[in-house]
Amino acid sequence: MNKTIRRASVFCLLLVLALLVRVTWVQAYQGQALADDKNNRRNLIGQYENPLGNIIVGGKPITGSTNTGGKDFAYKRTYTDGPLYAPVTGYSSQAFGSSMLEGVYKDILNGSDSRLKTIMDTLTNKRGSPGNVVTTIDEDVQKAAYDALKGKQGSAVAIDPATGAILAVVNNPSFDPGTIAGAGEADQKAWEALSADKGKAMENTALRKPQAPGSTFKLVTLAAAIENGLVTDIDTPTATPGDYTIPGTRTRLGSEASDATCNNASPRTALRYSCNNVFAEFAHKLGQDKMRAMAEKLGFNVVQKVPVWTSPTSRYPEKKMSVDQVAQTGIGQFDVQATPLQMAMVTAAIENGGKLVSPYEVSEVTDSNGNVLESFKNPKSQQVMSSKTAAMIRAAMITVATEGGGRPAQVAGAEVGGKTGTAQRGVNNSLDPLAWFTSYGKLNGKQIAVAIVVENSDTDRSEIGGGKLAAPVAKKMMQAWLK
């Protein structure tokens with residue numbers, strides 16, 4: 001054989017061998033990675049080639065699918081009462097991906113989860129029949145909060161303290177996920193409009209936007225004071241002067257109530273009138289470590305998974321603070337941050353005898369026939385304070401709801417305990433304060449814990465307060481559950 005031909009043949013053989021090795025490598029070792037790659041358009045097409053499974057509220061689907069008549073995307077997602085449930089469902093978009101439960105359970109809803117596949121599906125590498133996601137959301141509580149927040153910018157969360165089931169997650173403003181479900185020009189314009197507002201309507205403030213909780217955090221401070229023996233009776237005067245100076249400073253700390261009202265006030269009276277002096281002094285005497293320990297037991301500094309991740313977390317400062325800063329944390333200021341979910345968890349633990357049940361938003365994941373693939377109905381729980389401590393705080397919260405700023409939250413026939421909060425924000429308090437309210441209600445064996453924050457409203461700044469703006473929302477939510 002000619003030497004040149006022989007060399008060319010060997011070279012070609014090496015190229016063929018290299019090609020075979022590469023093909024084998026791609027198919028055997030990289031095949032799944034390439035199939036799962038987010039840039040693989042075939043996955044996106046496959047996701048929408050059939051109707052998706054549904055997200056269920058109260059036994060009824062709040063999602064659906066409609067035939068588009070398109071070649072690539074045969075179906076697109078539809079939503080029932082989209083703005084009402086958007087903080088729960090999130091969106092499933094052909095152009096912009098997915099979020100919230102649509103994102104967490106994407107594989108269940110599009111049929112690609114291996115648990116949905118039959119033997120034949122596995123052999124033919126086909127998707128299974130889409131499954132469903134059953135939520136814990138209560139339609140009546142969700143709608144009550146949504147309607148009550150109209151005209152306000154804010155958010156609300158409700159929890160069943162005994163089970164940890166999340167009954168409502170509401171944001172206002174909200175958005176209709178159906179307007180961005182497709183990949184057309186109208187969907188692009190809707191996305192741009194939402195993005196132009198910095199995505200505020202799509203921001204899940206109820207679960208993911210921690211803010212200063214103001215005086216609602218006094219429930220945590222009181223719990224720490226009782227658990228550490230600083231308070232043994234909620235009706236014993238505290239010997240804290242009404243004309244109070246923040247430790248380590250010359251700054252006087254006032255309250256909405258007069259100095260005379262808050263002078264030497266008992267814990268019950270201090271909670272009723274939201275006396276800053278008493279709770280700042282509690283935090284000062286307890287110190288940062290004991291305050292943080294109580295906060296962390298109640299969920300601060302911990303990322304929750306409900307199953308949507310709640311990061312960034314509600315926070316109690318971990319860095320070393322000065323004595324004046326520690327005192328300020330006692331009234332929910334300085335660097336203390338909380339979401340409505342977090343404050344609802346605090347109140348739920350107090351109502352539930354000091355036991356905090358981990359909150360959850362999905363009760364079951366099922367296949368298309370309703371067979372349960374995964375259940376979340378028995379979450380873990382932890383005794384975060386003694387039942388005696390919880391009972392003492394409840395007694396003080398009842399006084400707030402019957403004689404203090406929480407009276408607008410009263411529900412006929414029910415035991416209601418609450419705490420108002422007004423949190424300063426902005427440089428030199430340049431922004432309107434946050435109006436908070438958290439409460440529990442129980443009647444005829446049913447119980448509920450709620451937390452609401454109102455960020456903006458058409459209320460005059462001098463009239464902004466948790467009792468006036470947020471407590472009426474709490475009342476509507478509790479009524480819807482306890483009826």
# chains A, B, ... in the order shown; residues from 1 in each chain; ligands from 1

call {"tool": "closest_atom_pairs", "arguments": {"of": "stretch 202-249 of chain A", "to": "stretch 254-257 of chain A", "cutoff": "10 Å", "atoms": "only C-alpha atoms", "output": "CSV"}}
result
residue,atom,partner,partner_atom,distance
A:Gly242,CA,A:Gly254,CA,8.1
A:Asp243,CA,A:Gly254,CA,7.4
A:Tyr244,CA,A:Gly254,CA,7.2
A:Thr245,CA,A:Gly254,CA,8.8
A:Ile246,CA,A:Gly254,CA,9.8

call {"tool": "atom_distance", "arguments": {"atom1": "atom CA of A:Leu373", "atom2": "atom CA of A:Val104"}}
result
15.1 Å

call {"tool": "select_by_dssp", "arguments": {"residues": "stretch 128-253 of chain A", "states": "strand (DSSP E)", "output": "JSON, numbers by chain"}}
result
{"A": [132, 133, 134, 135, 153, 154, 155, 156, 157, 158, 159, 166, 167, 168, 169, 170, 171, 172, 244, 245, 252, 253]}

call {"tool": "closest_atom_pairs", "arguments": {"of": "stretch 141-215 of chain A", "to": "stretch 58-70 of chain A", "cutoff": "12 Å", "atoms": "only C-alpha atoms", "output": "Markdown table"}}
result
| residue | atom | partner | partner_atom | distance |
| --- | --- | --- | --- | --- |
| A:Val141 | CA | A:Gly58 | CA | 11.2 |
| A:Gln142 | CA | A:Gly58 | CA | 11.0 |
| A:Leu167 | CA | A:Gly58 | CA | 10.5 |
| A:Ala168 | CA | A:Gly58 | CA | 11.9 |
| A:Asp176 | CA | A:Thr63 | CA | 11.8 |
| A:Pro177 | CA | A:Thr63 | CA | 10.2 |
| A:Gly178 | CA | A:Thr63 | CA | 9.5 |
| A:Ala181 | CA | A:Ser65 | CA | 10.1 |
| A:Gly182 | CA | A:Thr68 | CA | 9.1 |
| A:Ala183 | CA | A:Gly70 | CA | 10.8 |
| A:Gly184 | CA | A:Thr68 | CA | 11.1 |

call {"tool": "write_last_selection", "arguments": {"atoms": "C-alpha atoms", "output": "compact mmCIF listing (two decimals), in the first residue's frame"}}
result
# COMPACT_ATOMS: atom_id res chain seq x y z
CA VAL A 141 -59.60 33.35 54.47
CA GLN A 142 -57.58 34.12 51.33
CA LEU A 167 -54.44 29.27 55.43
CA ALA A 168 -53.71 32.44 53.46
CA ASP A 176 -52.41 38.13 37.03
CA PRO A 177 -49.95 35.33 36.13
CA GLY A 178 -52.12 34.50 33.13
CA ALA A 181 -48.13 32.68 30.68
CA GLY A 182 -47.47 32.65 26.93
CA ALA A 183 -44.60 33.71 24.69
CA GLY A 184 -46.34 36.30 22.53

call {"tool": "residues_around", "arguments": {"residues": "A:Gly466", "least_positions_apart": "2", "cutoff": "7 Å", "atoms": "only C-alpha atoms", "output": "tab-separated table (two decimals) with N, CA, C and O atoms, in the first residue's frame"}}
result
chain	number	residue	atom	x	y	z
A	420	THR	N	-50.59	45.40	68.30
A	420	THR	CA	-50.39	46.39	67.25
A	420	THR	C	-48.91	46.69	67.09
A	420	THR	O	-48.09	46.38	67.96
A	421	GLY	N	-48.57	47.33	65.97
A	421	GLY	CA	-47.19	47.75	65.76
A	421	GLY	C	-47.12	48.86	64.73
A	421	GLY	O	-47.85	48.84	63.74
A	422	THR	N	-46.27	49.83	64.98
A	422	THR	CA	-45.99	50.89	64.01
A	422	THR	C	-44.48	51.05	63.95
A	422	THR	O	-43.85	51.36	64.96
A	435	ALA	N	-47.55	49.84	59.28
A	435	ALA	CA	-48.62	49.53	60.23
A	435	ALA	C	-48.77	48.02	60.33
A	435	ALA	O	-49.10	47.36	59.34
A	436	TRP	N	-48.50	47.45	61.50
A	436	TRP	CA	-48.54	46.01	61.73
A	436	TRP	C	-49.68	45.63	62.67
A	436	TRP	O	-50.08	46.41	63.54
A	437	PHE	N	-50.13	44.42	62.51
A	437	PHE	CA	-51.01	43.82	63.52
A	437	PHE	C	-50.88	42.31	63.43
A	437	PHE	O	-50.86	41.74	62.34
A	468	LYS	N	-55.53	50.78	63.48
A	468	LYS	CA	-56.48	51.40	62.56
A	468	LYS	C	-56.44	50.77	61.17
A	468	LYS	O	-57.48	50.62	60.52
A	469	LEU	N	-55.26	50.44	60.68
A	469	LEU	CA	-55.13	49.97	59.31
A	469	LEU	C	-55.09	48.45	59.17
A	469	LEU	O	-55.66	47.90	58.23
A	470	ALA	N	-54.38	47.78	60.06
A	470	ALA	CA	-54.16	46.34	59.90
A	470	ALA	C	-55.12	45.48	60.72
A	470	ALA	O	-55.47	44.38	60.29
A	471	ALA	N	-55.55	45.96	61.88
A	471	ALA	CA	-56.44	45.15	62.73
A	471	ALA	C	-57.76	44.81	62.05
A	471	ALA	O	-58.26	43.68	62.18

call {"tool": "closest_residue", "arguments": {"among": "A:Thr232, A:Thr136, A:Ser375, A:Asn277", "to": "A:Pro247", "atoms": "only C-alpha atoms"}}
result
A:Asn277
